[in-house]
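J.: entry.pdb is the file, holding PDB, C-alpha atoms (C1' of nucleotides):
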MODEL        1
ATOM      1  CA  MET L  15     -20.343  13.413  30.545
ATOM      2  CA  LYS L  16     -19.685  11.871  27.191
ATOM      3  CA  THR L  17     -15.936  12.403  27.426
ATOM      4  CA  LYS L  18     -15.510   9.425  29.699
ATOM      5  CA  ALA L  19     -17.621   7.214  27.476
ATOM      6  CA  ALA L  20     -15.594   8.190  24.455
ATOM      7  CA  ILE L  21     -12.421   7.217  26.222
ATOM      8  CA  ASP L  22     -13.830   3.833  27.077
ATOM      9  CA  ALA L  23     -14.617   3.371  23.432
ATOM     10  CA  CYS L  24     -10.955   3.870  22.654
ATOM     11  CA  CYS L  25      -9.082   1.731  25.106
ATOM     12  CA  ASP L  26      -9.645   0.389  28.583
ATOM     13  CA  THR L  27      -7.099   2.403  30.494
ATOM     14  CA  GLY L  28      -8.903   5.634  30.988
ATOM     15  CA  SER L  29      -5.909   7.903  30.884
ATOM     16  CA  CYS L  30      -3.834   9.290  28.120
ATOM     17  CA  ALA L  31      -0.136   8.530  28.170
ATOM     18  CA  PRO L  32       2.487  10.751  26.619
ATOM     19  CA  VAL L  33       4.159   9.655  23.444
ATOM     20  CA  PRO L  34       7.084   7.407  24.365
ATOM     21  CA  SER L  35       9.758   9.235  22.364
ATOM     22  CA  LEU L  36      10.152   6.031  20.383
ATOM     23  CA  PRO L  37      13.426   4.117  20.634
ATOM     24  CA  LYS L  38      13.549   3.149  24.277
ATOM     25  CA  GLY L  39      15.583  -0.003  23.938
ATOM     26  CA  LYS L  40      12.538  -2.144  24.351
ATOM     27  CA  ARG L  41      12.806  -4.487  21.425
ATOM     28  CA  ALA L  42      15.753  -4.715  19.112
ATOM     29  CA  LEU L  43      13.854  -5.225  15.888
ATOM     30  CA  SER L  44      11.480  -2.342  16.085
ATOM     31  CA  ARG L  45      14.370  -0.068  16.991
ATOM     32  CA  SER L  46      16.339  -0.942  13.905
ATOM     33  CA  LYS L  47      16.801   1.895  11.507
ATOM     34  CA  GLY L  48      14.836   0.735   8.515
ATOM     35  CA  PHE L  49      12.063  -1.057  10.376
ATOM     36  CA  ASP L  50       9.276   1.229   9.280
ATOM     37  CA  LYS L  51      10.463   1.421   5.708
ATOM     38  CA  GLU L  52      10.923  -2.312   5.405
ATOM     39  CA  LEU L  53       7.496  -3.093   6.807
ATOM     40  CA  ALA L  54       5.898  -0.428   4.652
ATOM     41  CA  ARG L  55       7.657  -1.788   1.580
ATOM     42  CA  LEU L  56       6.449  -5.340   2.141
ATOM     43  CA  ALA L  57       2.963  -4.210   3.065
ATOM     44  CA  LYS L  58       2.798  -2.103  -0.056
ATOM     45  CA  ALA L  59       3.537  -5.134  -2.184
ATOM     46  CA  LEU L  60       0.343  -6.728  -0.869
ATOM     47  CA  ALA L  61      -1.639  -3.508  -0.872
ATOM     48  CA  HIS L  62      -3.560  -4.342  -4.034
ATOM     49  CA  PRO L  63      -6.176  -7.077  -4.444
ATOM     50  CA  ALA L  64      -4.715  -8.234  -7.740
ATOM     51  CA  ARG L  65      -1.322  -8.788  -6.168
ATOM     52  CA  VAL L  66      -2.879 -10.667  -3.277
ATOM     53  CA  ARG L  67      -4.656 -12.899  -5.784
ATOM     54  CA  ILE L  68      -1.393 -13.547  -7.563
ATOM     55  CA  VAL L  69       0.412 -14.506  -4.381
ATOM     56  CA  GLN L  70      -2.565 -16.647  -3.395
ATOM     57  CA  ALA L  71      -2.425 -18.575  -6.662
ATOM     58  CA  LEU L  72       1.326 -18.970  -6.393
ATOM     59  CA  MET L  73       1.065 -20.307  -2.856
ATOM     60  CA  LYS L  74      -1.639 -22.807  -3.697
ATOM     61  CA  VAL L  75       0.676 -24.871  -5.826
ATOM     62  CA  ASN L  76       4.007 -25.187  -4.154
ATOM     63  CA  ALA L  77       5.733 -25.068  -7.483
ATOM     64  CA  CYS L  78       6.281 -22.534 -10.180
ATOM     65  CA  VAL L  79       3.289 -21.329 -12.078
ATOM     66  CA  CYS L  80       3.397 -20.727 -15.756
ATOM     67  CA  GLY L  81       2.126 -17.484 -16.912
ATOM     68  CA  ASP L  82      -1.594 -17.941 -17.372
ATOM     69  CA  LEU L  83      -2.094 -15.862 -14.312
ATOM     70  CA  VAL L  84      -3.761 -13.414 -16.632
ATOM     71  CA  GLU L  85      -6.815 -15.624 -16.862
ATOM     72  CA  LEU L  86      -7.248 -15.379 -13.111
ATOM     73  CA  LEU L  87      -7.671 -11.656 -13.123
ATOM     74  CA  PRO L  88      -9.905  -9.241 -14.961
ATOM     75  CA  LEU L  89      -6.864  -7.365 -16.126
ATOM     76  CA  ALA L  90      -4.854  -6.950 -19.267
ATOM     77  CA  GLN L  91      -1.673  -8.928 -19.718
ATOM     78  CA  SER L  92       0.534  -5.867 -19.418
ATOM     79  CA  THR L  93      -1.116  -4.902 -16.147
ATOM     80  CA  VAL L  94      -0.558  -8.334 -14.661
ATOM     81  CA  SER L  95       3.046  -8.182 -15.763
ATOM     82  CA  GLN L  96       3.364  -4.863 -14.008
ATOM     83  CA  HIS L  97       1.959  -6.255 -10.776
ATOM     84  CA  LEU L  98       4.378  -9.149 -11.028
ATOM     85  CA  LYS L  99       7.187  -6.662 -11.361
ATOM     86  CA  VAL L 100       6.101  -4.928  -8.169
ATOM     87  CA  LEU L 101       6.029  -8.230  -6.348
ATOM     88  CA  LYS L 102       9.425  -9.179  -7.700
ATOM     89  CA  LEU L 103      10.979  -5.860  -6.715
ATOM     90  CA  ALA L 104       9.643  -6.338  -3.202
ATOM     91  CA  GLY L 105      11.173  -9.790  -3.132
ATOM     92  CA  VAL L 106       7.843 -11.491  -2.596
ATOM     93  CA  VAL L 107       7.947 -13.539  -5.788
ATOM     94  CA  GLN L 108      10.790 -14.905  -7.832
ATOM     95  CA  GLY L 109      10.799 -15.605 -11.516
ATOM     96  CA  ALA L 110      12.712 -17.774 -13.913
ATOM     97  CA  VAL L 111      12.700 -18.451 -17.618
ATOM     98  CA  GLU L 112      11.266 -21.751 -18.784
ATOM     99  CA  GLY L 113      11.381 -21.898 -22.524
ATOM    100  CA  PRO L 114       9.215 -19.224 -24.019
ATOM    101  CA  LYS L 115       7.284 -18.852 -20.774
ATOM    102  CA  ARG L 116       8.088 -17.429 -17.407
ATOM    103  CA  CYS L 117       7.960 -19.335 -14.186
ATOM    104  CA  TYR L 118       6.913 -17.701 -10.927
ATOM    105  CA  CYS L 119       6.820 -18.734  -7.331
ATOM    106  CA  VAL L 120       6.606 -16.963  -4.011
ATOM    107  CA  ASN L 121       9.575 -16.391  -1.791
ATOM    108  CA  PRO L 122       8.417 -17.675   1.586
ATOM    109  CA  ALA L 123      11.209 -15.789   3.326
ATOM    110  CA  ALA L 124       9.677 -12.477   2.349
ATOM    111  CA  LEU L 125       6.286 -13.399   3.754
ATOM    112  CA  ASN L 126       7.873 -14.720   6.916
ATOM    113  CA  ARG L 127       9.802 -11.511   7.252
ATOM    114  CA  LEU L 128       6.578  -9.562   6.954
ATOM    115  CA  LYS L 129       4.975 -11.655   9.677
ATOM    116  CA  GLU L 130       8.042 -11.178  11.842
ATOM    117  CA  LEU L 131       7.954  -7.426  11.438
ATOM    118  CA  LEU L 132       4.257  -7.383  12.245
ATOM    119  CA  SER L 133       4.833  -9.414  15.385
ATOM    120  CA  ASN L 134       7.422  -6.914  16.520
ATOM    121  CA  LEU L 135       5.249  -3.904  16.111
TER     122      LEU L 135
ATOM    123  CA  MET Y  18      22.006 -24.748 -20.532
ATOM    124  CA  LYS Y  19      21.087 -21.815 -18.421
ATOM    125  CA  THR Y  20      17.395 -22.623 -18.461
ATOM    126  CA  LYS Y  21      17.809 -25.279 -15.804
ATOM    127  CA  ALA Y  22      19.880 -23.014 -13.625
ATOM    128  CA  ALA Y  23      17.303 -20.286 -13.880
ATOM    129  CA  ILE Y  24      14.622 -22.683 -12.733
ATOM    130  CA  ASP Y  25      16.693 -23.655  -9.748
ATOM    131  CA  ALA Y  26      16.969 -20.024  -8.907
ATOM    132  CA  CYS Y  27      13.202 -19.829  -8.810
ATOM    133  CA  CYS Y  28      12.111 -22.818  -6.793
ATOM    134  CA  ASP Y  29      13.380 -26.284  -6.099
ATOM    135  CA  THR Y  30      10.815 -28.313  -7.968
ATOM    136  CA  GLY Y  31      12.147 -28.126 -11.457
ATOM    137  CA  SER Y  32       8.839 -28.229 -13.249
ATOM    138  CA  CYS Y  33       6.224 -25.676 -13.940
ATOM    139  CA  ALA Y  34       2.715 -26.409 -12.726
ATOM    140  CA  PRO Y  35      -0.394 -24.998 -14.290
ATOM    141  CA  VAL Y  36      -2.318 -22.311 -12.504
ATOM    142  CA  PRO Y  37      -4.701 -24.006 -10.083
ATOM    143  CA  SER Y  38      -7.895 -22.209 -11.187
ATOM    144  CA  LEU Y  39      -8.077 -20.807  -7.696
ATOM    145  CA  PRO Y  40     -10.943 -21.786  -5.422
ATOM    146  CA  LYS Y  41     -10.428 -25.499  -4.930
ATOM    147  CA  GLY Y  42     -11.960 -25.877  -1.498
ATOM    148  CA  LYS Y  43      -8.586 -26.080   0.114
ATOM    149  CA  ARG Y  44      -8.875 -23.589   2.903
ATOM    150  CA  ALA Y  45     -12.035 -21.784   3.838
ATOM    151  CA  LEU Y  46     -10.516 -18.405   4.581
ATOM    152  CA  SER Y  47      -8.628 -17.864   1.393
ATOM    153  CA  ARG Y  48     -11.696 -18.918  -0.551
ATOM    154  CA  SER Y  49     -13.888 -16.305   1.051
ATOM    155  CA  LYS Y  50     -15.096 -13.670  -1.299
ATOM    156  CA  GLY Y  51     -13.422 -10.572   0.004
ATOM    157  CA  PHE Y  52     -10.196 -12.206   1.094
ATOM    158  CA  ASP Y  53      -7.973 -10.386  -1.366
ATOM    159  CA  LYS Y  54      -9.651  -7.047  -0.829
ATOM    160  CA  GLU Y  55      -9.545  -7.308   2.928
ATOM    161  CA  LEU Y  56      -5.890  -8.255   3.010
ATOM    162  CA  ALA Y  57      -5.046  -5.533   0.525
ATOM    163  CA  ARG Y  58      -6.970  -2.991   2.560
ATOM    164  CA  LEU Y  59      -5.149  -3.822   5.783
ATOM    165  CA  ALA Y  60      -1.790  -4.017   4.067
ATOM    166  CA  LYS Y  61      -2.388  -0.659   2.447
ATOM    167  CA  ALA Y  62      -2.919   0.906   5.856
ATOM    168  CA  LEU Y  63       0.638  -0.081   6.756
ATOM    169  CA  ALA Y  64       2.064   0.658   3.342
ATOM    170  CA  HIS Y  65       3.614   3.950   4.371
ATOM    171  CA  PRO Y  66       6.557   4.411   6.746
ATOM    172  CA  ALA Y  67       4.869   7.244   8.592
ATOM    173  CA  ARG Y  68       1.848   5.093   9.357
ATOM    174  CA  VAL Y  69       4.079   2.274  10.556
ATOM    175  CA  ARG Y  70       5.814   4.704  12.879
ATOM    176  CA  ILE Y  71       2.484   5.854  14.239
ATOM    177  CA  VAL Y  72       1.323   2.314  14.928
ATOM    178  CA  GLN Y  73       4.710   1.556  16.466
ATOM    179  CA  ALA Y  74       4.419   4.470  18.861
ATOM    180  CA  LEU Y  75       0.850   3.557  19.738
ATOM    181  CA  MET Y  76       1.821  -0.037  20.456
ATOM    182  CA  LYS Y  77       4.732   0.876  22.661
ATOM    183  CA  VAL Y  78       2.492   2.327  25.337
ATOM    184  CA  ASN Y  79      -0.503   0.141  25.866
ATOM    185  CA  ALA Y  80      -2.668   3.145  26.472
ATOM    186  CA  CYS Y  81      -3.930   6.019  24.485
ATOM    187  CA  VAL Y  82      -1.447   8.514  23.182
ATOM    188  CA  CYS Y  83      -2.161  12.171  23.210
ATOM    189  CA  GLY Y  84      -1.551  13.929  20.034
ATOM    190  CA  ASP Y  85       2.092  14.878  20.042
ATOM    191  CA  LEU Y  86       2.639  12.229  17.455
ATOM    192  CA  VAL Y  87       3.524  15.102  15.181
ATOM    193  CA  GLU Y  88       6.849  15.549  16.934
ATOM    194  CA  LEU Y  89       7.742  11.975  16.064
ATOM    195  CA  LEU Y  90       7.551  12.531  12.367
ATOM    196  CA  PRO Y  91       9.113  15.008   9.986
ATOM    197  CA  LEU Y  92       5.665  15.918   8.751
ATOM    198  CA  ALA Y  93       3.207  18.724   9.115
ATOM    199  CA  GLN Y  94       0.337  18.394  11.563
ATOM    200  CA  SER Y  95      -2.268  18.160   8.832
ATOM    201  CA  THR Y  96      -0.368  15.348   7.152
ATOM    202  CA  VAL Y  97      -0.144  13.355  10.359
ATOM    203  CA  SER Y  98      -3.842  13.871  10.897
ATOM    204  CA  GLN Y  99      -4.456  12.538   7.405
ATOM    205  CA  HIS Y 100      -2.391   9.420   8.055
ATOM    206  CA  LEU Y 101      -4.336   8.891  11.268
ATOM    207  CA  LYS Y 102      -7.516   9.090   9.264
ATOM    208  CA  VAL Y 103      -6.298   6.379   6.917
ATOM    209  CA  LEU Y 104      -5.440   4.171   9.869
ATOM    210  CA  LYS Y 105      -8.813   4.835  11.462
ATOM    211  CA  LEU Y 106     -10.716   4.045   8.281
ATOM    212  CA  ALA Y 107      -8.843   0.767   8.020
ATOM    213  CA  GLY Y 108      -9.775   0.005  11.620
ATOM    214  CA  VAL Y 109      -6.170  -0.207  12.737
ATOM    215  CA  VAL Y 110      -6.397   2.613  15.247
ATOM    216  CA  GLN Y 111      -9.240   3.982  17.281
ATOM    217  CA  GLY Y 112      -9.643   7.492  18.546
ATOM    218  CA  ALA Y 113     -11.512   9.192  21.328
ATOM    219  CA  VAL Y 114     -11.898  12.707  22.572
ATOM    220  CA  GLU Y 115     -10.130  13.696  25.770
ATOM    221  CA  GLY Y 116     -10.758  17.312  26.507
ATOM    222  CA  PRO Y 117      -9.336  19.451  23.758
ATOM    223  CA  LYS Y 118      -7.020  16.653  22.661
ATOM    224  CA  ARG Y 119      -7.569  13.397  20.866
ATOM    225  CA  CYS Y 120      -6.657  10.042  22.236
ATOM    226  CA  TYR Y 121      -5.446   7.265  19.974
ATOM    227  CA  CYS Y 122      -4.700   3.627  20.428
ATOM    228  CA  VAL Y 123      -4.298   0.655  18.151
ATOM    229  CA  ASN Y 124      -6.983  -1.932  17.660
ATOM    230  CA  PRO Y 125      -5.145  -5.219  18.215
ATOM    231  CA  ALA Y 126      -7.941  -7.128  16.490
ATOM    232  CA  ALA Y 127      -7.115  -5.488  13.184
ATOM    233  CA  LEU Y 128      -3.459  -6.432  13.396
ATOM    234  CA  ASN Y 129      -4.364  -9.961  14.434
ATOM    235  CA  ARG Y 130      -6.719 -10.178  11.505
ATOM    236  CA  LEU Y 131      -3.920  -9.102   9.188
ATOM    237  CA  LYS Y 132      -1.644 -11.786  10.600
ATOM    238  CA  GLU Y 133      -4.418 -14.331  10.229
ATOM    239  CA  LEU Y 134      -4.999 -13.430   6.601
ATOM    240  CA  LEU Y 135      -1.280 -13.623   5.932
ATOM    241  CA  SER Y 136      -1.092 -17.048   7.507
ATOM    242  CA  ASN Y 137      -3.871 -18.241   5.250
ATOM    243  CA  LEU Y 138      -2.270 -17.088   2.072
TER     244      LEU Y 138
ATOM    245  C1'  DC B  30     -17.997  34.994  26.950
ATOM    246  C1'  DC B  31     -13.671  35.349  24.748
ATOM    247  C1'  DC B  32      -9.088  32.918  24.175
ATOM    248  C1'  DG B  33      -5.569  29.685  23.555
ATOM    249  C1'  DT B  34      -4.734  24.949  22.530
ATOM    250  C1'  DT B  35      -5.408  20.951  19.823
ATOM    251  C1'  DT B  36      -6.914  18.614  15.916
ATOM    252  C1'  DA B  37      -9.816  17.862  11.666
ATOM    253  C1'  DT B  38     -10.937  19.413   7.184
ATOM    254  C1'  DC B  39     -10.439  22.072   2.866
ATOM    255  C1'  DG B  40      -8.077  23.443  -1.225
ATOM    256  C1'  DT B  41      -4.359  22.442  -3.958
ATOM    257  C1'  DA B  42       0.020  20.871  -6.138
ATOM    258  C1'  DA B  43       3.275  17.212  -7.006
ATOM    259  C1'  DA B  44       4.232  12.511  -7.167
ATOM    260  C1'  DT B  45       2.908   7.891  -7.544
ATOM    261  C1'  DT B  46      -0.132   4.103  -8.875
ATOM    262  C1'  DT B  47      -3.041   1.714 -11.871
ATOM    263  C1'  DA B  48      -4.538   0.388 -16.220
ATOM    264  C1'  DC B  49      -4.520  -0.141 -21.168
ATOM    265  C1'  DG B  50      -2.933  -0.883 -26.026
ATOM    266  C1'  DA B  51       1.021  -1.142 -28.855
ATOM    267  C1'  DT B  52       5.504  -2.583 -29.565
ATOM    268  C1'  DG B  53       9.691  -5.431 -28.987
ATOM    269  C1'  DG B  54      12.526  -9.418 -27.798
ATOM    270  C1'  DA B  55      13.536 -14.221 -26.583
ATOM    271  C1'  DG B  56      12.831 -18.897 -27.396
ATOM    272  C1'  DA B  57      10.620 -23.271 -29.630
ATOM    273  C1'  DG B  58       9.301 -25.586 -33.570
ATOM    274  C1'  DA B  59       8.339 -25.989 -38.609
TER     275       DA B  59
ATOM    276  C1'  DT H  27      15.237 -18.808 -41.296
ATOM    277  C1'  DC H  28      10.470 -17.710 -40.431
ATOM    278  C1'  DT H  29       6.844 -17.705 -37.572
ATOM    279  C1'  DC H  30       4.253 -18.175 -33.484
ATOM    280  C1'  DT H  31       3.774 -17.817 -28.568
ATOM    281  C1'  DC H  32       4.678 -15.660 -24.357
ATOM    282  C1'  DC H  33       5.943 -11.961 -21.772
ATOM    283  C1'  DA H  34       8.338  -7.376 -20.614
ATOM    284  C1'  DT H  35       8.580  -2.712 -21.606
ATOM    285  C1'  DC H  36       7.086   1.791 -23.461
ATOM    286  C1'  DG H  37       4.010   5.559 -23.824
ATOM    287  C1'  DT H  38       0.140   7.503 -21.909
ATOM    288  C1'  DA H  39      -4.203   8.729 -19.432
ATOM    289  C1'  DA H  40      -6.925   8.625 -15.267
ATOM    290  C1'  DA H  41      -7.158   7.994 -10.517
ATOM    291  C1'  DT H  42      -5.167   7.973  -6.134
ATOM    292  C1'  DT H  43      -1.787   9.266  -2.644
ATOM    293  C1'  DT H  44       1.039  12.371  -0.264
ATOM    294  C1'  DA H  45       2.135  16.683   1.511
ATOM    295  C1'  DC H  46       1.505  21.448   2.760
ATOM    296  C1'  DG H  47      -0.618  25.836   4.499
ATOM    297  C1'  DA H  48      -4.820  27.941   5.735
ATOM    298  C1'  DT H  49      -8.966  27.640   7.952
ATOM    299  C1'  DA H  50     -12.590  25.857  10.968
ATOM    300  C1'  DA H  51     -14.333  23.368  14.962
ATOM    301  C1'  DA H  52     -14.307  21.672  19.770
ATOM    302  C1'  DC H  53     -12.945  22.104  24.323
ATOM    303  C1'  DG H  54     -11.222  23.970  28.969
ATOM    304  C1'  DG H  55      -9.650  27.915  31.477
ATOM    305  C1'  DG H  56      -9.803  32.609  32.676
TER     306       DG H  56
ENDMDL
END
Mind converting the file's structure to C-alpha cells?
T.:
Amino acid sequence: MKTKAAIDACCDTGSCAPVPSLPKGKRALSRSKGFDKELARLAKALAHPARVRIVQALMKVNACVCGDLVELLPLAQSTVSQHLKVLKLAGVVQGAVEGPKRCYCVNPAALNRLKELLSNL
Amino acid sequence: MKTKAAIDACCDTGSCAPVPSLPKGKRALSRSKGFDKELARLAKALAHPARVRIVQALMKVNACVCGDLVELLPLAQSTVSQHLKVLKLAGVVQGAVEGPKRCYCVNPAALNRLKELLSNL
DNA sequence: CCCGTTTATCGTAAATTTACGATGGAGAGA
DNA sequence: TCTCTCCATCGTAAATTTACGATAAACGGG
C-alpha cells in the first residue's frame, strides 16, 4: 500500500490533523494582525538575487557605500536604482546624500525583524 | 549644512566607504556561488501573505494538515493549490497523498536554511 | 462499476515586476 | 555660471505573478 509510504515521506506522524483555525492564542506575535503581510513584505524585498547582492555588499562594509554598486551587478544603472528603491521602501536599506553621490547602508533592525518573524512562524 | 545631518541619518560612521568588490574570503557561505539565488528563491516563497498564512497554519500543528486550508484564506481553491505548488517547488512544504485528500506539512530544514542564509548576510 | 469528494492543472485576464534607455535635477569644481 | 558627475525618475516593453472558473484526475464508498 503506497499510501502509507507517501505519508511517511511527508512527516513522521502518520495521521492528518485538521487545520487549527489559526489564532489560538498560542504565540502573541504570529497572532498579530499584520504578521503575514509584514513577513511577506520583508521577504519580498529579498526575493531577487540582485537585491540580495546589494544587501550583501552593504553588510560587508559596516559603513555607507558609495554608489558604484552598479559595477557589482550585470544591470543598468537605472535598474540598480530601482532595486535600491524597493529595498528602501521595505526599510531594509537607508540612504543619505553625500555630495553628488548617494550613501547607502543596511538597516540591521529590518533584518532582525525578519529573523524574528521567521522564528515565530 | 544638511549634508552631515543626512549622513547621520544613514549610519553612524560619517564617511563613505568604497564598495568592497565582493568576494573577499570573509565568510564561506556568502561567497558560495548560488548564495544570492538561493536566498532569493526561499525569500520569494514567503513573499506573499497567503503563503505565509499557509506556512503558519502548517507550523501550528506539527503534523500534516488536510486540505481545508482553503477555508483559511479568502481565495479560490485553485489559487490556494497554486500557492501550495510554489511552496512545494521551493521545498518549504512537502505533500503526501492520504486517501482522496492531500496531506501537507512544512519542511523545517528549508526554513532553517533560510535563517542560516540570513544570518550569513 | 459508478459517484461524490478532494485536489491539481489548464486557459485566461489583470496586475505587478523587471529591465532598459532617455531625461532631469542636485551638487562640486573650474 | 557652466559643466561634469552621479543618481532618481519617466516611459515603455517583456516577463512573471496572481487570481479565477472550468475541467480533469485520483481515491474510497456504495
J.: Expressed in Å to a single decimal, how great is the separation between CA of Asn129 in chain Y and C1' of DT45 in chain B?
T.: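 These atoms are spaced 29.2 Å apart.
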J.: Let me know the residues the PyMOL selection byres ((chain H) within 8 of (chain Y)) catches in the file above, as an MDAnalysis selection string.
T.: chainID H and resid 45:46 52:54
J.: Could you save those same residues with C-alpha atoms (C1' of nucleotides) as a PDB file, keeping the file's coordinate frame?
T.:
ATOM      1  C1'  DA H  45       2.135  16.683   1.511  1.00  0.00           C
ATOM      2  C1'  DC H  46       1.505  21.448   2.760  1.00  0.00           C
ATOM      3  C1'  DA H  52     -14.307  21.672  19.770  1.00  0.00           C
ATOM      4  C1'  DC H  53     -12.945  22.104  24.323  1.00  0.00           C
ATOM      5  C1'  DG H  54     -11.222  23.970  28.969  1.00  0.00           C
TER       6       DG H  54
END
J.: Neighbouring residues of DT35 in chain H were defined as those with any atom within 10 Å, considering all atoms listed in the file; residues of the same chain fewer than 2 positions away were excluded. Please report them as a tab-separated table (two decimals) with C-alpha atoms (C1' of nucleotides), in the frame of the given file.
T.:
chain	number	residue	atom	x	y	z
L	92	SER	CA	0.53	-5.87	-19.42
L	95	SER	CA	3.05	-8.18	-15.76
L	96	GLN	CA	3.36	-4.86	-14.01
B	52	DT	C1'	5.50	-2.58	-29.56
B	53	DG	C1'	9.69	-5.43	-28.99
B	54	DG	C1'	12.53	-9.42	-27.80
H	33	DC	C1'	5.94	-11.96	-21.77
H	37	DG	C1'	4.01	5.56	-23.82
J.: Step by step, work through what the PyMOL selection byres ((chain L and resi 46-59) around 9) selects in the shown file, and finish by giving those residues as JSON, numbers by chain.
T.: {"L": [37, 42, 43, 44, 45, 60, 61, 62, 65, 66, 97, 100, 101, 103, 104, 105, 106, 124, 125, 127, 128, 131, 132], "Y": [57, 59, 60, 61, 62, 63, 64, 65, 66, 67, 68, 69, 70, 73]}
J.: Apply the PyMOL selection byres ((chain H and resi 30-32) around 10) to the structure shown and report the selected residues as a ChimeraX atom specification.
T.: /L:81-82,113-116 /B:55-58 /H:28-29,33-34
J.: Let's have the selection written as a PDB file, in the coordinates of the input, with C-alpha atoms (C1' of nucleotides).
T.:
ATOM      1  CA  GLY L  81       2.126 -17.484 -16.912  1.00  0.00           C
ATOM      2  CA  ASP L  82      -1.594 -17.941 -17.372  1.00  0.00           C
ATOM      3  CA  GLY L 113      11.381 -21.898 -22.524  1.00  0.00           C
ATOM      4  CA  PRO L 114       9.215 -19.224 -24.019  1.00  0.00           C
ATOM      5  CA  LYS L 115       7.284 -18.852 -20.774  1.00  0.00           C
ATOM      6  CA  ARG L 116       8.088 -17.429 -17.407  1.00  0.00           C
TER       7      ARG L 116
ATOM      8  C1'  DA B  55      13.536 -14.221 -26.583  1.00  0.00           C
ATOM      9  C1'  DG B  56      12.831 -18.897 -27.396  1.00  0.00           C
ATOM     10  C1'  DA B  57      10.620 -23.271 -29.630  1.00  0.00           C
ATOM     11  C1'  DG B  58       9.301 -25.586 -33.570  1.00  0.00           C
TER      12       DG B  58
ATOM     13  C1'  DC H  28      10.470 -17.710 -40.431  1.00  0.00           C
ATOM     14  C1'  DT H  29       6.844 -17.705 -37.572  1.00  0.00           C
ATOM     15  C1'  DC H  33       5.943 -11.961 -21.772  1.00  0.00           C
ATOM     16  C1'  DA H  34       8.338  -7.376 -20.614  1.00  0.00           C
TER      17       DA H  34
END
J.: Pick out the chain B residues within 10 Å of chain Y. Count all atoms listed in the file. Give them as a list of chain:residue names.
T.: B:DT34, B:DT35, B:DT36, B:DA37, B:DT38
J.: Now that the selection is made, can you save its residues with C-alpha atoms (C1' of nucleotides) as a short mmCIF file (atom, residue, chain, number, x, y, z; two decimals), keeping the file's coordinate frame?
T.:
data_model
loop_
_atom_site.label_atom_id
_atom_site.label_comp_id
_atom_site.auth_asym_id
_atom_site.auth_seq_id
_atom_site.Cartn_x
_atom_site.Cartn_y
_atom_site.Cartn_z
"C1'" DT B 34 -4.73 24.95 22.53
"C1'" DT B 35 -5.41 20.95 19.82
"C1'" DT B 36 -6.91 18.61 15.92
"C1'" DA B 37 -9.82 17.86 11.67
"C1'" DT B 38 -10.94 19.41 7.18
#
J.: How far is it from CA of Leu72 in chain L to CA of Tyr118 in chain L, in Å with one decimal?
T.: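 Atom-to-atom, CA of Leu72 in chain L to CA of Tyr118 in chain L, that is 7.3 Å.
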J.: Find the residues with any atom within 9 Å of (-9.6, 23.6, 1.4); use only C-alpha atoms (C1' of nucleotides) and the coordinates as given in the file, and write the answer as a CSV table (one decimal) with C-alpha atoms (C1' of nucleotides), keeping the file's coordinate frame.
T.:
chain,number,residue,atom,x,y,z
B,38,DT,C1',-10.9,19.4,7.2
B,39,DC,C1',-10.4,22.1,2.9
B,40,DG,C1',-8.1,23.4,-1.2
B,41,DT,C1',-4.4,22.4,-4.0
H,48,DA,C1',-4.8,27.9,5.7
H,49,DT,C1',-9.0,27.6,8.0
J.: From the options Y:Ile71, Y:Val110, Y:Ala126, Y:Leu138, which residue's atoms come nearest to chain L, counting all atoms listed in the file?
T.: Y:Leu138
J.: Between CA of Pro91 in chain Y and C1' of DA50 in chain H, what is the spacing in Å?
T.: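 CA of Pro91 in chain Y lies at a distance of 24.3 Å from C1' of DA50 in chain H.
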